[in-house]
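> This is the content of coords.cif (mmCIF, C-alpha atoms):
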```
data_input
#
loop_
_atom_site.label_atom_id
_atom_site.label_comp_id
_atom_site.auth_asym_id
_atom_site.auth_seq_id
_atom_site.Cartn_x
_atom_site.Cartn_y
_atom_site.Cartn_z
CA MET L 1 171.51 -193.33 25.70
CA SER L 2 168.71 -195.27 27.32
CA ALA L 3 165.08 -194.35 26.83
CA HIS L 4 164.78 -193.53 30.52
CA THR L 5 167.01 -190.96 32.14
CA PRO L 6 167.52 -191.76 35.83
CA HIS L 7 166.89 -189.17 38.54
CA GLU L 8 163.91 -187.47 36.89
CA LEU L 9 161.57 -185.65 39.28
CA ALA L 10 158.97 -188.42 39.02
CA ASP L 11 161.66 -190.86 40.21
CA ALA L 12 162.75 -188.61 43.06
CA PHE L 13 159.20 -187.85 44.23
CA PRO L 14 156.99 -190.74 43.04
CA GLU L 15 154.31 -190.07 45.65
CA ASP L 16 154.04 -186.43 44.56
CA ALA L 17 153.37 -186.87 40.84
CA GLU L 18 150.09 -184.93 40.94
CA ALA L 19 151.56 -182.13 43.07
CA LEU L 20 154.50 -181.85 40.65
CA ARG L 21 152.11 -181.52 37.72
CA ARG L 22 149.97 -178.90 39.47
CA LEU L 23 152.93 -176.84 40.62
CA LYS L 24 154.49 -176.84 37.15
CA LEU L 25 151.25 -175.40 35.80
CA SER L 26 150.47 -172.92 38.58
CA ASP L 27 153.82 -171.69 39.90
CA ALA L 28 156.21 -170.06 37.41
CA HIS L 29 159.17 -170.27 39.81
CA PHE L 30 158.54 -173.97 40.40
CA ALA L 31 158.22 -174.54 36.64
CA ARG L 32 161.65 -172.90 36.15
CA LEU L 33 163.15 -175.06 38.92
CA ALA L 34 161.70 -178.20 37.35
CA GLU L 35 162.92 -177.23 33.88
CA ARG L 36 166.41 -176.43 35.15
CA HIS L 37 166.49 -179.76 37.01
CA HIS L 38 165.52 -181.50 33.77
CA GLU L 39 168.30 -179.70 31.85
CA VAL L 40 170.97 -180.41 34.48
CA ASN L 41 169.87 -184.01 34.90
CA ARG L 42 170.01 -184.64 31.15
CA ALA L 43 173.49 -183.09 30.99
CA ILE L 44 174.67 -185.38 33.80
CA HIS L 45 173.17 -188.39 32.06
CA ARG L 46 174.88 -187.51 28.76
CA ILE L 47 178.23 -187.18 30.55
CA GLU L 48 177.83 -190.39 32.55
CA SER L 49 176.72 -192.25 29.39
CA GLU L 50 179.83 -190.94 27.64
CA VAL L 51 177.72 -189.28 24.96
CA GLU L 52 179.25 -185.94 25.94
CA ALA L 53 182.73 -185.28 27.29
CA ALA L 54 183.25 -183.19 30.43
CA SER L 55 185.80 -182.77 33.17
CA ASP L 56 185.28 -184.33 36.57
CA THR L 57 184.93 -180.81 37.94
CA ARG L 58 182.11 -180.01 35.51
CA LEU L 59 180.29 -183.24 36.37
CA GLU L 60 180.60 -182.60 40.11
CA THR L 61 179.35 -179.02 39.66
CA LEU L 62 176.30 -180.29 37.79
CA LYS L 63 175.61 -182.94 40.43
CA LYS L 64 175.77 -180.30 43.18
CA GLU L 65 173.38 -178.08 41.23
CA ARG L 66 170.99 -181.01 40.79
CA LEU L 67 171.02 -181.67 44.55
CA HIS L 68 170.38 -178.00 45.28
CA LEU L 69 167.45 -177.98 42.84
CA LEU L 70 166.02 -181.14 44.40
CA ASP L 71 166.24 -179.50 47.83
CA GLU L 72 164.35 -176.44 46.57
CA ILE L 73 161.73 -178.59 44.88
CA ALA L 74 161.27 -180.70 48.03
CA VAL L 75 160.64 -177.55 50.08
CA LYS L 76 157.98 -176.42 47.58
CA LEU L 77 156.34 -179.85 47.71
CA GLU L 78 156.20 -179.73 51.51
CA ASP L 79 154.17 -176.52 51.26
CA VAL L 80 151.52 -178.15 49.04
#
```
Will you turn the file into structure tokens for me?


Amino acid sequence: MSAHTPHELADAFPEDAEALRRLKLSDAHFARLAERHHEVNRAIHRIESEVEAASDTRLETLKKERLHLLDEIAVKLEDV
């Protein structure tokens, strides 16, 4: 596995690094969204890197969840 996992929040929202940091510290719901995104993203990366086996259905489900989380996070960032 590479040292850098693609699709981290800092990659998705590079211009919002400070807002991401502040929201993680001040908004418990946002912190949970960010943590879940991190967990799902790492799982996807492990599957795509063939470190972990999973069905195509499982991978697609995780990718859909990641997109949904990114949408929720983007909405929160718009409100900052």

> At a cut-off of 12 Å, using all atoms listed in the file, what residues contact Glu78 (chain L)? Leave out same-chain residues fewer than 2 positions from it and give the result as a list in words.

Phe13, Asp16, Ala19, Leu20, Leu23, Asp71, Glu72, Ile73, Ala74, Val75, Lys76 and Val80 of chain L

> How far is it from CA of Ala43 (chain L) to CA of Ala17 (chain L), in Å with one decimal?

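CA of Ala43 (chain L) sits 22.7 Å away from CA of Ala17 (chain L).
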
> What's around Leu33 (chain L) at 8 Å? Count all atoms listed in the file, leave out sequence neighbours fewer than 2 positions away in its own chain, and write the answer as a VMD selection string.

chain L and resid 29 to 31 35 to 37 69 72 to 73

> Within 12 Å of Glu48 (chain L), counting all atoms listed in the file, which residues show up once you throw out same-chain ones fewer than 2 positions away? Write them as a list in words, please.

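So, after excluding close chain neighbours, the residues are Met1, Ser2, Thr5, Pro6, Asn41, Arg42, Ala43, Ile44, His45, Arg46, Glu50, Val51, Glu52, Ala53, Ala54, Ser55, Asp56, Arg58, Leu59, Glu60, Leu62 and Lys63 of chain L.
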
> Give me a file of those residues, with C-alpha atoms, as a PDB file, keeping the file's coordinate frame.


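Final output, selection00.pdb:
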```
ATOM      1  CA  MET L   1     171.510-193.330  25.700  1.00  0.00           C
ATOM      2  CA  SER L   2     168.710-195.270  27.320  1.00  0.00           C
ATOM      3  CA  THR L   5     167.010-190.960  32.140  1.00  0.00           C
ATOM      4  CA  PRO L   6     167.520-191.760  35.830  1.00  0.00           C
ATOM      5  CA  ASN L  41     169.870-184.010  34.900  1.00  0.00           C
ATOM      6  CA  ARG L  42     170.010-184.640  31.150  1.00  0.00           C
ATOM      7  CA  ALA L  43     173.490-183.090  30.990  1.00  0.00           C
ATOM      8  CA  ILE L  44     174.670-185.380  33.800  1.00  0.00           C
ATOM      9  CA  HIS L  45     173.170-188.390  32.060  1.00  0.00           C
ATOM     10  CA  ARG L  46     174.880-187.510  28.760  1.00  0.00           C
ATOM     11  CA  GLU L  50     179.830-190.940  27.640  1.00  0.00           C
ATOM     12  CA  VAL L  51     177.720-189.280  24.960  1.00  0.00           C
ATOM     13  CA  GLU L  52     179.250-185.940  25.940  1.00  0.00           C
ATOM     14  CA  ALA L  53     182.730-185.280  27.290  1.00  0.00           C
ATOM     15  CA  ALA L  54     183.250-183.190  30.430  1.00  0.00           C
ATOM     16  CA  SER L  55     185.800-182.770  33.170  1.00  0.00           C
ATOM     17  CA  ASP L  56     185.280-184.330  36.570  1.00  0.00           C
ATOM     18  CA  ARG L  58     182.110-180.010  35.510  1.00  0.00           C
ATOM     19  CA  LEU L  59     180.290-183.240  36.370  1.00  0.00           C
ATOM     20  CA  GLU L  60     180.600-182.600  40.110  1.00  0.00           C
ATOM     21  CA  LEU L  62     176.300-180.290  37.790  1.00  0.00           C
ATOM     22  CA  LYS L  63     175.610-182.940  40.430  1.00  0.00           C
TER      23      LYS L  63
END
```

> Quote the spacing between CA of Ser49 (chain L) and CA of Pro14 (chain L) in Å to one decimal place.

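Computing the Euclidean distance for CA of Ser49 (chain L) and CA of Pro14 (chain L) yields 24.0 Å.
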
> Put a box with edges along x, y and z around all the listed atoms of region 44-63 of chain L, pad it by 3 Å on each side, then give me its centre and sizes in Å, one decimal, as lines of an AutoDock Vina configuration file.


```
center_x = 179.5
center_y = -185.6
center_z = 32.7
size_x = 18.6
size_y = 19.2
size_z = 21.5
```

> Any chance you could build region 50-73 of chain L out to N, CA and C atoms and write it as a short mmCIF file (atom, residue, chain, number, x, y, z; two decimals), in the frame of the given file?


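Generated file (result.cif):
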```
data_model
loop_
_atom_site.label_atom_id
_atom_site.label_comp_id
_atom_site.auth_asym_id
_atom_site.auth_seq_id
_atom_site.Cartn_x
_atom_site.Cartn_y
_atom_site.Cartn_z
N GLU L 50 178.71 -191.20 28.55
CA GLU L 50 179.83 -190.94 27.64
C GLU L 50 179.38 -190.50 26.25
N VAL L 51 178.21 -189.86 26.20
CA VAL L 51 177.72 -189.28 24.96
C VAL L 51 178.36 -187.90 24.78
N GLU L 52 178.66 -187.28 25.91
CA GLU L 52 179.25 -185.94 25.94
C GLU L 52 180.46 -185.97 26.87
N ALA L 53 181.53 -185.33 26.46
CA ALA L 53 182.73 -185.28 27.29
C ALA L 53 182.65 -184.09 28.25
N ALA L 54 183.19 -184.27 29.44
CA ALA L 54 183.25 -183.19 30.43
C ALA L 54 184.30 -183.55 31.47
N SER L 55 184.83 -182.53 32.10
CA SER L 55 185.80 -182.77 33.17
C SER L 55 185.08 -183.28 34.41
N ASP L 56 185.84 -183.88 35.29
CA ASP L 56 185.28 -184.33 36.57
C ASP L 56 184.71 -183.15 37.34
N THR L 57 185.38 -182.02 37.25
CA THR L 57 184.93 -180.81 37.94
C THR L 57 183.56 -180.38 37.43
N ARG L 58 183.39 -180.39 36.11
CA ARG L 58 182.11 -180.01 35.51
C ARG L 58 181.00 -180.97 35.96
N LEU L 59 181.29 -182.26 35.95
CA LEU L 59 180.29 -183.24 36.37
C LEU L 59 179.91 -183.03 37.83
N GLU L 60 180.89 -182.82 38.69
CA GLU L 60 180.60 -182.60 40.11
C GLU L 60 179.79 -181.31 40.32
N THR L 61 180.11 -180.27 39.56
CA THR L 61 179.35 -179.02 39.66
C THR L 61 177.90 -179.24 39.28
N LEU L 62 177.67 -179.99 38.21
CA LEU L 62 176.30 -180.29 37.79
C LEU L 62 175.57 -181.12 38.83
N LYS L 63 176.24 -182.10 39.40
CA LYS L 63 175.61 -182.94 40.43
C LYS L 63 175.23 -182.11 41.65
N LYS L 64 176.08 -181.18 42.05
CA LYS L 64 175.77 -180.30 43.18
C LYS L 64 174.57 -179.42 42.86
N GLU L 65 174.52 -178.91 41.63
CA GLU L 65 173.38 -178.08 41.23
C GLU L 65 172.10 -178.91 41.26
N ARG L 66 172.18 -180.16 40.77
CA ARG L 66 170.99 -181.01 40.79
C ARG L 66 170.49 -181.24 42.21
N LEU L 67 171.41 -181.49 43.14
CA LEU L 67 171.02 -181.67 44.55
C LEU L 67 170.37 -180.41 45.11
N HIS L 68 170.94 -179.26 44.80
CA HIS L 68 170.38 -178.00 45.28
C HIS L 68 168.96 -177.80 44.72
N LEU L 69 168.78 -178.10 43.44
CA LEU L 69 167.45 -177.98 42.84
C LEU L 69 166.47 -178.95 43.48
N LEU L 70 166.90 -180.17 43.73
CA LEU L 70 166.02 -181.14 44.40
C LEU L 70 165.62 -180.67 45.79
N ASP L 71 166.56 -180.05 46.51
CA ASP L 71 166.24 -179.50 47.83
C ASP L 71 165.17 -178.41 47.71
N GLU L 72 165.34 -177.51 46.76
CA GLU L 72 164.35 -176.44 46.57
C GLU L 72 162.99 -176.99 46.18
N ILE L 73 162.98 -177.98 45.32
CA ILE L 73 161.73 -178.59 44.88
C ILE L 73 161.06 -179.30 46.05
#
```
